[in-house]
file structure-v3.cif (mmCIF, C-alpha atoms)
data_final
loop_
_atom_site.label_atom_id
_atom_site.label_comp_id
_atom_site.auth_asym_id
_atom_site.auth_seq_id
_atom_site.Cartn_x
_atom_site.Cartn_y
_atom_site.Cartn_z
CA MET F 43 31.95 0.92 6.86
CA SER F 44 28.46 0.16 8.01
CA GLU F 45 25.53 -0.26 5.71
CA ILE F 46 21.79 -0.17 5.98
CA ILE F 47 20.05 -3.35 4.91
CA LYS F 48 16.70 -2.87 3.23
CA VAL F 49 13.67 -4.99 3.98
CA GLY F 50 10.82 -4.88 1.45
CA MET F 51 7.11 -5.37 1.87
CA ALA F 52 6.25 -8.88 3.10
CA ASP F 53 9.93 -9.51 3.66
CA LEU F 54 12.33 -10.14 6.56
CA LYS F 55 16.07 -9.95 7.08
CA THR F 56 18.67 -10.27 9.81
CA CYS F 57 21.41 -7.82 10.65
CA LEU F 58 24.67 -7.65 12.61
CA PRO F 59 26.36 -4.50 14.00
CA PRO F 60 27.56 -2.05 12.91
CA ASN F 61 24.96 -2.36 10.17
CA GLY F 62 21.43 -1.09 10.48
CA ILE F 63 18.27 -2.45 8.97
CA THR F 64 15.38 -0.48 7.50
CA THR F 65 11.98 -0.75 5.90
CA LEU F 66 10.40 2.18 4.06
CA GLY F 67 6.86 3.43 4.14
CA LEU F 68 5.09 1.17 6.61
CA GLY F 69 1.37 1.78 6.34
CA SER F 70 -1.01 -0.76 7.80
CA CYS F 71 1.85 -3.22 7.79
CA VAL F 72 3.88 -3.72 10.97
CA GLY F 73 7.65 -3.55 11.27
CA ILE F 74 8.86 -5.91 13.99
CA ALA F 75 12.43 -5.32 15.15
CA LEU F 76 13.95 -8.11 17.23
CA ARG F 77 17.26 -7.96 19.05
CA ASP F 78 19.37 -10.33 21.05
CA LYS F 79 20.62 -7.83 23.60
CA VAL F 80 23.56 -10.03 24.62
CA ASN F 81 24.84 -11.31 21.29
CA LYS F 82 23.81 -8.15 19.43
CA VAL F 83 21.99 -9.91 16.64
CA GLY F 84 19.16 -7.96 15.05
CA GLY F 85 16.34 -8.65 12.64
CA LEU F 86 13.42 -6.87 11.04
CA ALA F 87 10.20 -8.26 9.59
CA HIS F 88 7.70 -6.26 7.52
CA ILE F 89 4.45 -8.18 7.83
CA MET F 90 1.22 -7.38 5.95
CA LEU F 91 -1.44 -9.66 7.33
CA PRO F 92 -2.24 -11.00 10.78
CA ASP F 93 -2.91 -14.67 10.31
CA SER F 94 -1.55 -17.24 7.85
CA THR F 95 -4.00 -19.94 8.92
CA VAL F 96 -7.02 -18.30 7.27
CA ILE F 97 -5.31 -17.70 3.92
CA ALA F 98 -5.12 -20.29 1.17
CA ASN F 99 -2.02 -18.94 -0.54
CA GLN F 100 0.70 -18.74 2.10
CA THR F 101 3.93 -19.48 0.32
CA ASN F 102 5.58 -16.35 1.64
CA VAL F 103 6.00 -16.77 5.42
CA ALA F 104 7.24 -13.17 5.79
CA LYS F 105 3.82 -11.87 4.81
CA PHE F 106 2.10 -12.91 8.03
CA ALA F 107 2.54 -11.91 11.65
CA ASP F 108 2.46 -15.47 13.00
CA THR F 109 4.77 -17.20 10.52
CA GLY F 110 6.95 -14.12 9.92
CA ILE F 111 8.01 -13.75 13.55
CA VAL F 112 8.77 -17.46 13.88
CA GLU F 113 10.90 -17.36 10.72
CA LEU F 114 12.75 -14.23 11.85
CA VAL F 115 13.60 -15.85 15.20
CA LYS F 116 14.83 -18.94 13.38
CA GLN F 117 17.10 -16.93 11.08
CA MET F 118 18.45 -14.91 14.01
CA GLU F 119 19.22 -18.10 15.92
CA ALA F 120 21.19 -19.28 12.92
CA LEU F 121 23.29 -16.12 13.34
CA GLY F 122 23.98 -16.91 16.97
CA ALA F 123 21.05 -15.29 18.74
CA ASN F 124 19.55 -16.90 21.82
CA LYS F 125 15.77 -16.87 21.99
CA ARG F 126 15.84 -16.10 25.72
CA ASN F 127 17.70 -12.84 25.10
CA LEU F 128 15.29 -11.53 22.51
CA VAL F 129 13.44 -8.26 22.94
CA ALA F 130 11.10 -6.54 20.46
CA LYS F 131 10.17 -3.08 19.28
CA ILE F 132 7.27 -2.63 16.91
CA ALA F 133 5.93 0.15 14.67
CA GLY F 134 3.28 0.62 12.00
CA GLY F 135 -0.26 -0.72 11.86
CA ALA F 136 -1.72 2.60 10.82
CA MET F 137 -5.17 3.13 9.36
CA MET F 138 -4.25 5.02 6.22
CA PHE F 139 -7.74 5.97 5.10
CA ALA F 140 -10.71 6.79 7.28
CA VAL F 141 -13.12 4.46 5.51
CA ASN F 142 -15.13 2.13 7.66
CA SER F 143 -17.10 0.26 5.05
CA ARG F 144 -14.70 -2.66 4.83
CA SER F 145 -13.46 -4.87 7.61
CA SER F 146 -10.00 -5.06 6.08
CA MET F 147 -9.62 -1.34 6.67
CA ASN F 148 -8.89 -2.17 10.23
CA VAL F 149 -6.17 -4.55 9.23
CA GLY F 150 -3.53 -2.29 10.81
CA GLU F 151 -5.01 -2.78 14.24
CA ARG F 152 -5.44 -6.50 13.67
CA ASN F 153 -1.83 -6.75 12.52
CA VAL F 154 -0.60 -5.10 15.72
CA GLU F 155 -2.76 -7.40 17.84
CA ALA F 156 -1.52 -10.50 16.04
CA VAL F 157 2.10 -9.40 16.43
CA LYS F 158 1.67 -8.83 20.17
CA LYS F 159 -0.05 -12.18 20.58
CA LYS F 160 2.72 -14.05 18.78
CA LEU F 161 5.50 -12.26 20.67
CA LYS F 162 3.79 -13.08 23.97
CA GLU F 163 3.45 -16.70 22.94
CA LEU F 164 7.18 -16.84 22.23
CA GLY F 165 7.99 -15.03 25.48
CA ILE F 166 9.59 -12.04 23.73
CA PRO F 167 8.94 -8.80 25.66
CA ILE F 168 7.98 -5.63 23.77
CA LEU F 169 10.19 -2.78 24.95
CA ALA F 170 8.57 -0.03 22.92
CA GLU F 171 6.00 0.57 20.21
CA ASP F 172 4.77 3.28 17.88
CA CYS F 173 1.61 1.92 16.31
CA GLY F 174 -1.76 2.93 14.96
CA LEU F 175 -2.99 6.41 14.05
CA ASN F 176 -3.27 7.41 10.39
CA PHE F 177 0.18 7.98 8.93
CA GLY F 178 2.97 6.03 7.31
CA ARG F 179 6.31 5.35 8.93
CA THR F 180 9.83 4.61 7.77
CA VAL F 181 11.85 2.73 10.36
CA ILE F 182 15.57 2.09 10.87
CA PHE F 183 16.79 -0.36 13.50
CA TYR F 184 20.31 -0.59 14.91
CA PRO F 185 21.10 -3.91 16.62
CA GLU F 186 24.19 -2.41 18.29
CA THR F 187 22.17 -0.03 20.47
CA GLY F 188 18.65 -1.31 19.98
CA ASP F 189 17.59 2.12 18.73
CA TYR F 190 14.49 2.05 16.56
CA VAL F 191 14.31 5.30 14.58
CA ILE F 192 10.93 6.29 13.20
CA LYS F 193 10.33 8.88 10.49
CA ALA F 194 6.99 10.14 9.26
CA VAL F 195 5.93 12.83 6.80
CA GLY F 196 5.67 16.25 8.46
CA LYS F 197 6.65 14.92 11.89
CA PRO F 198 9.91 15.10 13.82
CA GLU F 199 12.05 11.97 13.71
CA LYS F 200 11.89 9.96 16.90
CA THR F 201 13.76 7.08 18.48
CA ILE F 202 12.08 4.46 20.59
CA MET N 182 -12.04 -18.87 -0.82
CA SER N 183 -11.79 -18.50 -4.55
CA ASP N 184 -9.56 -20.81 -6.54
CA LEU N 185 -8.58 -18.09 -8.97
CA SER N 186 -5.30 -16.43 -8.14
CA LEU N 187 -3.54 -13.56 -9.82
CA ASN N 188 -0.74 -15.93 -10.75
CA ASP N 189 -3.24 -17.74 -12.95
CA VAL N 190 -4.14 -14.61 -14.84
CA THR N 191 -3.53 -15.60 -18.43
CA GLN N 192 -2.47 -13.29 -21.22
CA ASN N 193 -6.07 -13.18 -22.32
CA TYR N 194 -7.38 -11.95 -18.95
CA TYR N 195 -4.45 -9.65 -18.70
CA ASP N 196 -5.38 -8.01 -21.99
CA VAL N 197 -8.95 -7.61 -20.81
CA LEU N 198 -7.87 -6.03 -17.55
CA LYS N 199 -5.56 -3.79 -19.50
CA GLU N 200 -8.38 -2.71 -21.78
CA ILE N 201 -10.61 -2.02 -18.78
CA GLY N 202 -7.82 0.13 -17.38
CA ASN N 203 -7.42 1.89 -20.68
CA ILE N 204 -11.08 2.71 -21.04
CA GLY N 205 -11.47 3.60 -17.38
CA ALA N 206 -8.50 5.91 -17.37
CA GLY N 207 -9.62 7.45 -20.66
CA ASN N 208 -13.03 8.27 -19.23
CA ALA N 209 -11.46 9.60 -16.08
CA MET N 210 -9.29 11.98 -18.09
CA THR N 211 -12.26 13.14 -20.16
CA ALA N 212 -14.11 13.96 -16.95
CA LEU N 213 -11.10 15.80 -15.62
CA SER N 214 -10.67 17.74 -18.83
CA GLN N 215 -14.33 18.78 -18.79
CA MET N 216 -14.05 19.90 -15.23
CA MET N 217 -10.96 21.96 -15.87
CA GLY N 218 -12.18 23.25 -19.20
CA CYS N 219 -8.97 22.41 -20.98
CA LYS N 220 -7.53 19.73 -23.17
CA ILE N 221 -5.63 16.96 -21.45
CA ASP N 222 -3.60 14.44 -23.40
CA MET N 223 -3.11 11.00 -22.07
CA GLY N 224 -0.48 8.39 -22.76
CA VAL N 225 -1.35 4.72 -23.21
CA PRO N 226 -1.90 3.31 -19.75
CA GLN N 227 0.53 0.67 -18.63
CA VAL N 228 -0.87 -2.29 -16.85
CA GLU N 229 1.58 -4.15 -14.71
CA LEU N 230 1.44 -7.09 -12.42
CA LEU N 231 4.14 -6.25 -9.91
CA ASP N 232 5.73 -8.20 -7.11
CA PHE N 233 5.43 -6.47 -3.76
CA SER N 234 9.16 -5.90 -3.77
CA GLU N 235 8.96 -3.97 -7.06
CA VAL N 236 5.99 -1.79 -6.23
CA GLY N 237 7.98 0.93 -4.50
CA ASN N 238 10.49 1.34 -7.28
CA ALA N 239 7.80 1.38 -9.94
CA ILE N 240 6.39 4.62 -8.60
CA GLY N 241 9.59 6.40 -7.70
CA GLY N 242 10.44 4.96 -4.30
CA GLU N 243 8.53 4.00 -1.17
CA GLU N 244 9.23 7.35 0.44
CA GLN N 245 7.98 9.44 -2.47
CA ILE N 246 5.26 11.66 -1.05
CA MET N 247 2.00 11.14 -2.87
CA VAL N 248 -1.64 12.00 -2.63
CA GLY N 249 -3.92 9.00 -2.39
CA VAL N 250 -7.67 8.98 -2.90
CA PHE N 251 -9.25 5.78 -1.69
CA LEU N 252 -12.78 4.51 -1.95
CA GLY N 253 -14.70 1.35 -1.38
CA VAL N 254 -16.72 -0.28 -4.14
CA GLU N 255 -20.03 -2.00 -3.56
CA GLY N 256 -22.88 -3.36 -5.61
CA ASP N 257 -22.53 -6.32 -7.99
CA ILE N 258 -18.83 -6.29 -7.39
CA THR N 259 -17.04 -5.45 -4.17
CA GLY N 260 -13.56 -4.20 -3.56
CA SER N 261 -11.76 -0.92 -3.42
CA MET N 262 -10.05 1.56 -5.63
CA LEU N 263 -7.09 3.85 -5.19
CA PHE N 264 -6.04 6.83 -7.28
CA LEU N 265 -2.49 7.96 -6.63
CA VAL N 266 -0.78 11.07 -7.84
CA GLU N 267 2.64 12.41 -7.01
CA GLN N 268 2.70 15.45 -4.73
CA LYS N 269 3.98 18.02 -7.25
CA SER N 270 1.59 16.77 -9.92
CA ALA N 271 -1.28 16.99 -7.46
CA LYS N 272 -0.27 20.54 -6.62
CA SER N 273 -0.30 21.64 -10.23
CA LEU N 274 -3.56 19.83 -10.87
CA ILE N 275 -5.23 21.52 -7.91
CA ASN N 276 -3.83 24.90 -8.83
CA LYS N 277 -5.46 24.52 -12.22
CA VAL N 278 -8.78 23.51 -10.71
CA MET N 279 -8.60 26.46 -8.33
CA MET N 280 -7.81 28.75 -11.26
CA GLY N 281 -4.37 29.65 -10.08
CA MET N 282 -5.44 30.41 -6.52
CA GLY N 283 -3.51 27.49 -5.06
CA ASP N 284 -0.95 27.91 -2.33
CA PRO N 285 2.62 28.09 -3.70
CA GLY N 286 4.13 26.05 -0.84
CA GLU N 287 4.76 22.32 -0.90
CA ASP N 288 2.13 21.46 1.70
CA PHE N 289 -1.55 21.34 1.05
CA THR N 290 -4.06 23.76 2.54
CA GLU N 291 -7.47 22.55 3.71
CA MET N 292 -8.99 24.09 0.60
CA GLU N 293 -6.52 22.31 -1.67
CA LEU N 294 -7.13 18.98 0.01
CA SER N 295 -10.82 19.46 -0.43
CA ALA N 296 -10.33 20.30 -4.11
CA MET N 297 -8.10 17.26 -4.55
CA GLN N 298 -10.72 15.05 -2.95
CA GLU N 299 -13.24 16.34 -5.45
CA VAL N 300 -10.86 15.74 -8.34
CA GLY N 301 -10.30 12.22 -7.03
CA ASN N 302 -14.03 11.74 -6.71
CA ILE N 303 -14.65 12.76 -10.32
CA ILE N 304 -11.76 10.76 -11.73
CA THR N 305 -12.55 7.55 -9.87
CA GLY N 306 -16.27 8.02 -10.46
CA ALA N 307 -15.73 8.26 -14.23
CA TYR N 308 -13.42 5.26 -14.12
CA LEU N 309 -15.90 3.09 -12.29
CA ASN N 310 -18.77 4.33 -14.43
CA SER N 311 -17.08 3.14 -17.57
CA LEU N 312 -16.34 -0.19 -15.94
CA SER N 313 -19.98 -0.46 -14.98
CA THR N 314 -21.18 0.35 -18.50
CA LEU N 315 -18.73 -2.07 -20.01
CA THR N 316 -19.66 -4.99 -17.79
CA ASN N 317 -23.30 -4.20 -17.12
CA LEU N 318 -22.60 -4.61 -13.43
CA LYS N 319 -23.87 -2.25 -10.78
CA ILE N 320 -20.99 -0.48 -9.11
CA PHE N 321 -21.44 1.97 -6.26
CA PRO N 322 -18.44 3.87 -4.98
CA SER N 323 -18.30 4.97 -1.35
CA PRO N 324 -17.30 8.57 -0.54
CA PRO N 325 -13.56 8.95 -1.07
CA ALA N 326 -10.99 9.34 1.68
CA LEU N 327 -7.80 11.26 1.05
CA THR N 328 -4.33 11.13 2.50
CA VAL N 329 -0.94 12.67 1.78
CA ASP N 330 1.81 10.29 2.78
CA MET N 331 4.65 8.05 1.67
CA ALA N 332 3.88 5.95 -1.40
CA GLY N 333 4.78 2.74 0.39
CA ALA N 334 2.39 3.45 3.22
CA ILE N 335 -0.48 4.35 0.89
CA LEU N 336 0.18 1.32 -1.28
CA SER N 337 0.12 -0.97 1.73
CA VAL N 338 -3.65 -0.62 1.68
CA PRO N 339 -4.27 -2.21 -1.76
CA ALA N 340 -1.22 -4.45 -1.30
CA ILE N 341 -2.79 -6.01 1.76
CA GLU N 342 -5.96 -6.67 -0.22
CA PHE N 343 -3.93 -8.33 -2.97
CA GLY N 344 -1.83 -10.04 -0.31
CA ILE N 345 -4.77 -12.22 0.63
CA TYR N 346 -4.54 -13.85 -2.80
CA GLY N 347 -0.90 -13.71 -3.76
CA ASP N 348 2.30 -11.71 -3.75
CA GLN N 349 1.58 -9.38 -6.62
CA ILE N 350 -0.35 -6.22 -7.22
CA LEU N 351 -2.11 -5.20 -10.42
CA MET N 352 -1.43 -1.57 -11.17
CA ILE N 353 -2.56 0.69 -13.98
CA GLN N 354 -0.34 3.66 -14.60
CA SER N 355 -1.65 6.46 -16.72
CA LYS N 356 0.43 9.44 -17.62
CA PHE N 357 -1.49 12.51 -18.56
CA PHE N 358 -0.23 15.76 -19.88
CA ASP N 359 -1.29 19.26 -19.34
CA GLU N 360 1.37 21.94 -19.37
CA VAL N 361 3.39 19.62 -17.24
CA GLN N 362 3.33 15.88 -17.31
CA ILE N 363 1.29 14.36 -14.55
CA ASP N 364 1.74 10.79 -13.46
CA GLY N 365 -1.34 9.18 -12.04
CA TYR N 366 -1.90 5.61 -10.97
CA PHE N 367 -5.13 3.72 -10.75
CA ILE N 368 -5.31 0.63 -8.66
CA LEU N 369 -8.56 -1.26 -8.79
CA VAL N 370 -8.75 -4.01 -6.21
CA PRO N 371 -11.77 -6.20 -6.84
CA ASP N 372 -12.28 -9.08 -4.46
CA MET N 373 -11.40 -12.32 -6.19
CA ASP N 374 -15.05 -13.26 -6.66
CA SER N 375 -15.58 -9.89 -8.28
CA TYR N 376 -12.69 -10.54 -10.65
CA LYS N 377 -14.58 -13.57 -11.85
CA LYS N 378 -17.74 -11.53 -12.26
CA ILE N 379 -15.96 -8.87 -14.29
CA LEU N 380 -14.29 -11.40 -16.58
CA THR N 381 -17.45 -13.48 -16.93
CA SER N 382 -19.58 -10.47 -17.79
CA LEU N 383 -17.11 -9.65 -20.53
CA GLY N 384 -17.59 -13.06 -22.02
CA LEU N 385 -14.54 -14.84 -20.70
CA SER N 386 -14.98 -18.15 -19.01
CA VAL N 387 -13.20 -18.37 -15.70
#

call {"tool": "encode", "arguments": {"input": "structure-v3.cif", "output": "structure tokens"}}
result
Amino acid sequence: MSEIIKVGMADLKTCLPPNGITTLGLGSCVGIALRDKVNKVGGLAHIMLPDSTVIANQTNVAKFADTGIVELVKQMEALGANKRNLVAKIAGGAMMFAVNSRSSMNVGERNVEAVKKKLKELGIPILAEDCGLNFGRTVIFYPETGDYVIKAVGKPEKTI
Amino acid sequence: MSDLSLNDVTQNYYDVLKEIGNIGAGNAMTALSQMMGCKIDMGVPQVELLDFSEVGNAIGGEEQIMVGVFLGVEGDITGSMLFLVEQKSAKSLINKVMMGMGDPGEDFTEMELSAMQEVGNIITGAYLNSLSTLTNLKIFPSPPALTVDMAGAILSVPAIEFGIYGDQILMIQSKFFDEVQIDGYFILVPDMDSYKKILTSLGLSV
């Protein structure tokens, strides 16, 4: 019997087949799904902010793109994943409200950029993405197949 | 970077923030009641400091579809404010404002969205006005933006703002009653420096 593991906001978890892993209602946050395509180890991080180095309070590594991805890789390696086999799929980073008065409103875009930068640094290729625009997303990732299912309000479900 | 963090919020500050929420929400409901020309009862607002992981459950699940009205705050204090109302509640509220001319379907028409934006504008305006009067601080709201989406996605916006300072979000829930009960949530997100200003202007040393 397979189950779906839930990842909260500013949280990360690993996952082995046949289980899936999900995070609900991604807004400006980014959901980073990593997969060791050989050993079939999966993981999902729900990050909120791009950069831990500019924030004083950084006790929760899962909150940031830079530290969150590093921690996720570490936990996946502990489950038998090999860093060289890792591939990524990312979703989220929306701009929920069309208000331009505050710089943080563009945090979705900055989150996506920071995620891409970190993945590149670690040599993890991005196979697919569904980022930006102005709507929330629920994502489910299956490490067995690498399918990343994306649901949004009033839109057909899609798999990347 | 401010040295005040939400984790340091003492019972005393907490009570003050709660009272601000109470007064703000009360004024907002009065404005709404005047606009709709009917009596609206309101429950005692609940002020909660929630961990990010609890936020979704507190409002009925991350995937609960809600209407969010968001606006920036400028002036003596800076930050943002979010008014959230559950989809069905929003529908019934709008229908009332539109004198029963609302669309019966689940989705919102352009007209309904526009009406909801105006309701949000009035409610948040009244809320901020009372905060301004109370603290003697100038507060200017920006025009509101509206979205209909999953609660989790909408809440990510204030959560990210709070995320800069800690792992918790301060939320004021106010239930108000008309013919049906309507659950509305106010989330005021002052920048940390503004928090200090609010508390200081109310006579609390920070």

call {"tool": "residues_near_point", "arguments": {"input": "structure-v3.cif", "point": "(3.5, -18.6, 14.3)", "cutoff": "9 Å", "atoms": "only C-alpha atoms", "output": "VMD selection string"}}
result
chain F and resid 93 to 94 106 to 113 160 163 to 164

call {"tool": "residues_around", "arguments": {"input": "structure-v3.cif", "residues": "segment 66-83 of chain F", "least_positions_apart": "3", "cutoff": "6 Å", "atoms": "all atoms listed in the file", "output": "PDB file with C-alpha atoms, in the coordinates of the input"}}
result
ATOM      1  CA  LEU F  58      24.670  -7.650  12.610  1.00  0.00           C
ATOM      2  CA  LEU F  86      13.420  -6.870  11.040  1.00  0.00           C
ATOM      3  CA  ALA F  87      10.200  -8.260   9.590  1.00  0.00           C
ATOM      4  CA  HIS F  88       7.700  -6.260   7.520  1.00  0.00           C
ATOM      5  CA  ILE F  89       4.450  -8.180   7.830  1.00  0.00           C
ATOM      6  CA  MET F  90       1.220  -7.380   5.950  1.00  0.00           C
ATOM      7  CA  ALA F 123      21.050 -15.290  18.740  1.00  0.00           C
ATOM      8  CA  ASN F 127      17.700 -12.840  25.100  1.00  0.00           C
ATOM      9  CA  LEU F 128      15.290 -11.530  22.510  1.00  0.00           C
ATOM     10  CA  VAL F 129      13.440  -8.260  22.940  1.00  0.00           C
ATOM     11  CA  ALA F 130      11.100  -6.540  20.460  1.00  0.00           C
ATOM     12  CA  LYS F 131      10.170  -3.080  19.280  1.00  0.00           C
ATOM     13  CA  ILE F 132       7.270  -2.630  16.910  1.00  0.00           C
ATOM     14  CA  ALA F 133       5.930   0.150  14.670  1.00  0.00           C
ATOM     15  CA  GLY F 134       3.280   0.620  12.000  1.00  0.00           C
ATOM     16  CA  GLY F 135      -0.260  -0.720  11.860  1.00  0.00           C
ATOM     17  CA  ALA F 136      -1.720   2.600  10.820  1.00  0.00           C
ATOM     18  CA  MET F 137      -5.170   3.130   9.360  1.00  0.00           C
ATOM     19  CA  GLY F 150      -3.530  -2.290  10.810  1.00  0.00           C
ATOM     20  CA  GLY F 178       2.970   6.030   7.310  1.00  0.00           C
ATOM     21  CA  ARG F 179       6.310   5.350   8.930  1.00  0.00           C
ATOM     22  CA  THR F 180       9.830   4.610   7.770  1.00  0.00           C
ATOM     23  CA  PRO F 185      21.100  -3.910  16.620  1.00  0.00           C
ATOM     24  CA  GLU F 186      24.190  -2.410  18.290  1.00  0.00           C
TER      25      GLU F 186
ATOM     26  CA  GLU N 243       8.530   4.000  -1.170  1.00  0.00           C
ATOM     27  CA  GLU N 244       9.230   7.350   0.440  1.00  0.00           C
ATOM     28  CA  MET N 331       4.650   8.050   1.670  1.00  0.00           C
ATOM     29  CA  GLY N 333       4.780   2.740   0.390  1.00  0.00           C
ATOM     30  CA  ALA N 334       2.390   3.450   3.220  1.00  0.00           C
ATOM     31  CA  SER N 337       0.120  -0.970   1.730  1.00  0.00           C
TER      32      SER N 337
END

call {"tool": "interface_residues", "arguments": {"input": "structure-v3.cif", "of": "chain N", "to": "chain F", "cutoff": "7 Å", "atoms": "all atoms listed in the file", "output": "JSON list (two decimals) with C-alpha atoms, in the coordinates of the input"}}
result
[["chain", "number", "residue", "atom", "x", "y", "z"],
["N", 233, "PHE", "CA", 5.43, -6.47, -3.76],
["N", 234, "SER", "CA", 9.16, -5.90, -3.77],
["N", 243, "GLU", "CA", 8.53, 4.00, -1.17],
["N", 244, "GLU", "CA", 9.23, 7.35, 0.44],
["N", 251, "PHE", "CA", -9.25, 5.78, -1.69],
["N", 253, "GLY", "CA", -14.70, 1.35, -1.38],
["N", 326, "ALA", "CA", -10.99, 9.34, 1.68],
["N", 327, "LEU", "CA", -7.80, 11.26, 1.05],
["N", 328, "THR", "CA", -4.33, 11.13, 2.50],
["N", 330, "ASP", "CA", 1.81, 10.29, 2.78],
["N", 331, "MET", "CA", 4.65, 8.05, 1.67],
["N", 332, "ALA", "CA", 3.88, 5.95, -1.40],
["N", 333, "GLY", "CA", 4.78, 2.74, 0.39],
["N", 334, "ALA", "CA", 2.39, 3.45, 3.22],
["N", 335, "ILE", "CA", -0.48, 4.35, 0.89],
["N", 337, "SER", "CA", 0.12, -0.97, 1.73],
["N", 338, "VAL", "CA", -3.65, -0.62, 1.68],
["N", 341, "ILE", "CA", -2.79, -6.01, 1.76],
["N", 345, "ILE", "CA", -4.77, -12.22, 0.63],
["N", 346, "TYR", "CA", -4.54, -13.85, -2.80],
["N", 347, "GLY", "CA", -0.90, -13.71, -3.76]]

call {"tool": "resolve_selection", "arguments": {"input": "structure-v3.cif", "expression": "the PyMOL selection byres ((chain N and resi 216) around 12)", "output": "PyMOL selection string"}}
result
chain N and resi 209-215+217-221+274-275+277-280+296+299-304+307

call {"tool": "resolve_selection", "arguments": {"input": "structure-v3.cif", "expression": "the PyMOL selection byres ((chain N and resi 382) around 12)", "output": "list in words"}}
result
Val197, Asp257, Ile258, Leu312, Ser313, Thr314, Leu315, Thr316, Asn317, Leu318, Lys319, Ser375, Tyr376, Lys377, Lys378, Ile379, Leu380, Thr381, Leu383, Gly384, Leu385, Ser386 and Val387 of chain N

call {"tool": "residues_around", "arguments": {"input": "structure-v3.cif", "residues": "Leu265 of chain N", "least_positions_apart": "3", "cutoff": "10 Å", "atoms": "all atoms listed in the file", "output": "PDB file with C-alpha atoms, keeping the file's coordinate frame"}}
result
ATOM      1  CA  ILE N 240       6.390   4.620  -8.600  1.00  0.00           C
ATOM      2  CA  MET N 247       2.000  11.140  -2.870  1.00  0.00           C
ATOM      3  CA  VAL N 248      -1.640  12.000  -2.630  1.00  0.00           C
ATOM      4  CA  GLY N 249      -3.920   9.000  -2.390  1.00  0.00           C
ATOM      5  CA  VAL N 250      -7.670   8.980  -2.900  1.00  0.00           C
ATOM      6  CA  PHE N 251      -9.250   5.780  -1.690  1.00  0.00           C
ATOM      7  CA  MET N 262     -10.050   1.560  -5.630  1.00  0.00           C
ATOM      8  CA  GLN N 268       2.700  15.450  -4.730  1.00  0.00           C
ATOM      9  CA  ALA N 271      -1.280  16.990  -7.460  1.00  0.00           C
ATOM     10  CA  GLY N 301     -10.300  12.220  -7.030  1.00  0.00           C
ATOM     11  CA  LEU N 327      -7.800  11.260   1.050  1.00  0.00           C
ATOM     12  CA  THR N 328      -4.330  11.130   2.500  1.00  0.00           C
ATOM     13  CA  VAL N 329      -0.940  12.670   1.780  1.00  0.00           C
ATOM     14  CA  ALA N 332       3.880   5.950  -1.400  1.00  0.00           C
ATOM     15  CA  ILE N 335      -0.480   4.350   0.890  1.00  0.00           C
ATOM     16  CA  LEU N 336       0.180   1.320  -1.280  1.00  0.00           C
ATOM     17  CA  GLN N 354      -0.340   3.660 -14.600  1.00  0.00           C
ATOM     18  CA  ASP N 364       1.740  10.790 -13.460  1.00  0.00           C
ATOM     19  CA  GLY N 365      -1.340   9.180 -12.040  1.00  0.00           C
ATOM     20  CA  TYR N 366      -1.900   5.610 -10.970  1.00  0.00           C
ATOM     21  CA  PHE N 367      -5.130   3.720 -10.750  1.00  0.00           C
ATOM     22  CA  ILE N 368      -5.310   0.630  -8.660  1.00  0.00           C
TER      23      ILE N 368
END

call {"tool": "closest_residue", "arguments": {"input": "structure-v3.cif", "among": "F:Val103, F:Leu54, F:Val181, F:Val154", "to": "Gln117 of chain F", "atoms": "all atoms listed in the file"}}
result
F:Leu54

call {"tool": "atom_distance", "arguments": {"input": "structure-v3.cif", "atom1": "atom CA of Val370 of chain N", "atom2": "atom CA of Asn203 of chain N"}}
result
15.7 Å

call {"tool": "residues_around", "arguments": {"input": "structure-v3.cif", "residues": "Val225 of chain N", "least_positions_apart": "5", "cutoff": "10 Å", "atoms": "all atoms listed in the file", "output": "list in words"}}
result
Gly202, Asn203, Ala206, Gly207, Gln354, Ser355, Lys356 and Phe357 of chain N

call {"tool": "atom_distance", "arguments": {"input": "structure-v3.cif", "atom1": "atom CA of Thr305 of chain N", "atom2": "atom CA of Ser270 of chain N"}}
result
16.9 Å

call {"tool": "atom_distance", "arguments": {"input": "structure-v3.cif", "atom1": "atom CA of Leu231 of chain N", "atom2": "atom CA of Gly205 of chain N"}}
result
19.9 Å

call {"tool": "residues_near_point", "arguments": {"input": "structure-v3.cif", "point": "(29.6, -4.0, 6.6)", "cutoff": "9 Å", "atoms": "all atoms listed in the file", "output": "PyMOL selection string"}}
result
chain F and resi 43-46+58-61

call {"tool": "residues_around", "arguments": {"input": "structure-v3.cif", "residues": "Tyr190 of chain F", "least_positions_apart": "6", "cutoff": "10 Å", "atoms": "only C-alpha atoms", "output": "PDB file with C-alpha atoms, in the frame of the given file"}}
result
ATOM      1  CA  GLY F  62      21.430  -1.090  10.480  1.00  0.00           C
ATOM      2  CA  ILE F  63      18.270  -2.450   8.970  1.00  0.00           C
ATOM      3  CA  THR F  64      15.380  -0.480   7.500  1.00  0.00           C
ATOM      4  CA  ALA F  75      12.430  -5.320  15.150  1.00  0.00           C
ATOM      5  CA  LYS F 131      10.170  -3.080  19.280  1.00  0.00           C
ATOM      6  CA  ILE F 132       7.270  -2.630  16.910  1.00  0.00           C
ATOM      7  CA  ALA F 133       5.930   0.150  14.670  1.00  0.00           C
ATOM      8  CA  ALA F 170       8.570  -0.030  22.920  1.00  0.00           C
ATOM      9  CA  GLU F 171       6.000   0.570  20.210  1.00  0.00           C
ATOM     10  CA  ASP F 172       4.770   3.280  17.880  1.00  0.00           C
ATOM     11  CA  VAL F 181      11.850   2.730  10.360  1.00  0.00           C
ATOM     12  CA  ILE F 182      15.570   2.090  10.870  1.00  0.00           C
ATOM     13  CA  PHE F 183      16.790  -0.360  13.500  1.00  0.00           C
ATOM     14  CA  TYR F 184      20.310  -0.590  14.910  1.00  0.00           C
ATOM     15  CA  LYS F 200      11.890   9.960  16.900  1.00  0.00           C
ATOM     16  CA  THR F 201      13.760   7.080  18.480  1.00  0.00           C
ATOM     17  CA  ILE F 202      12.080   4.460  20.590  1.00  0.00           C
TER      18      ILE F 202
END
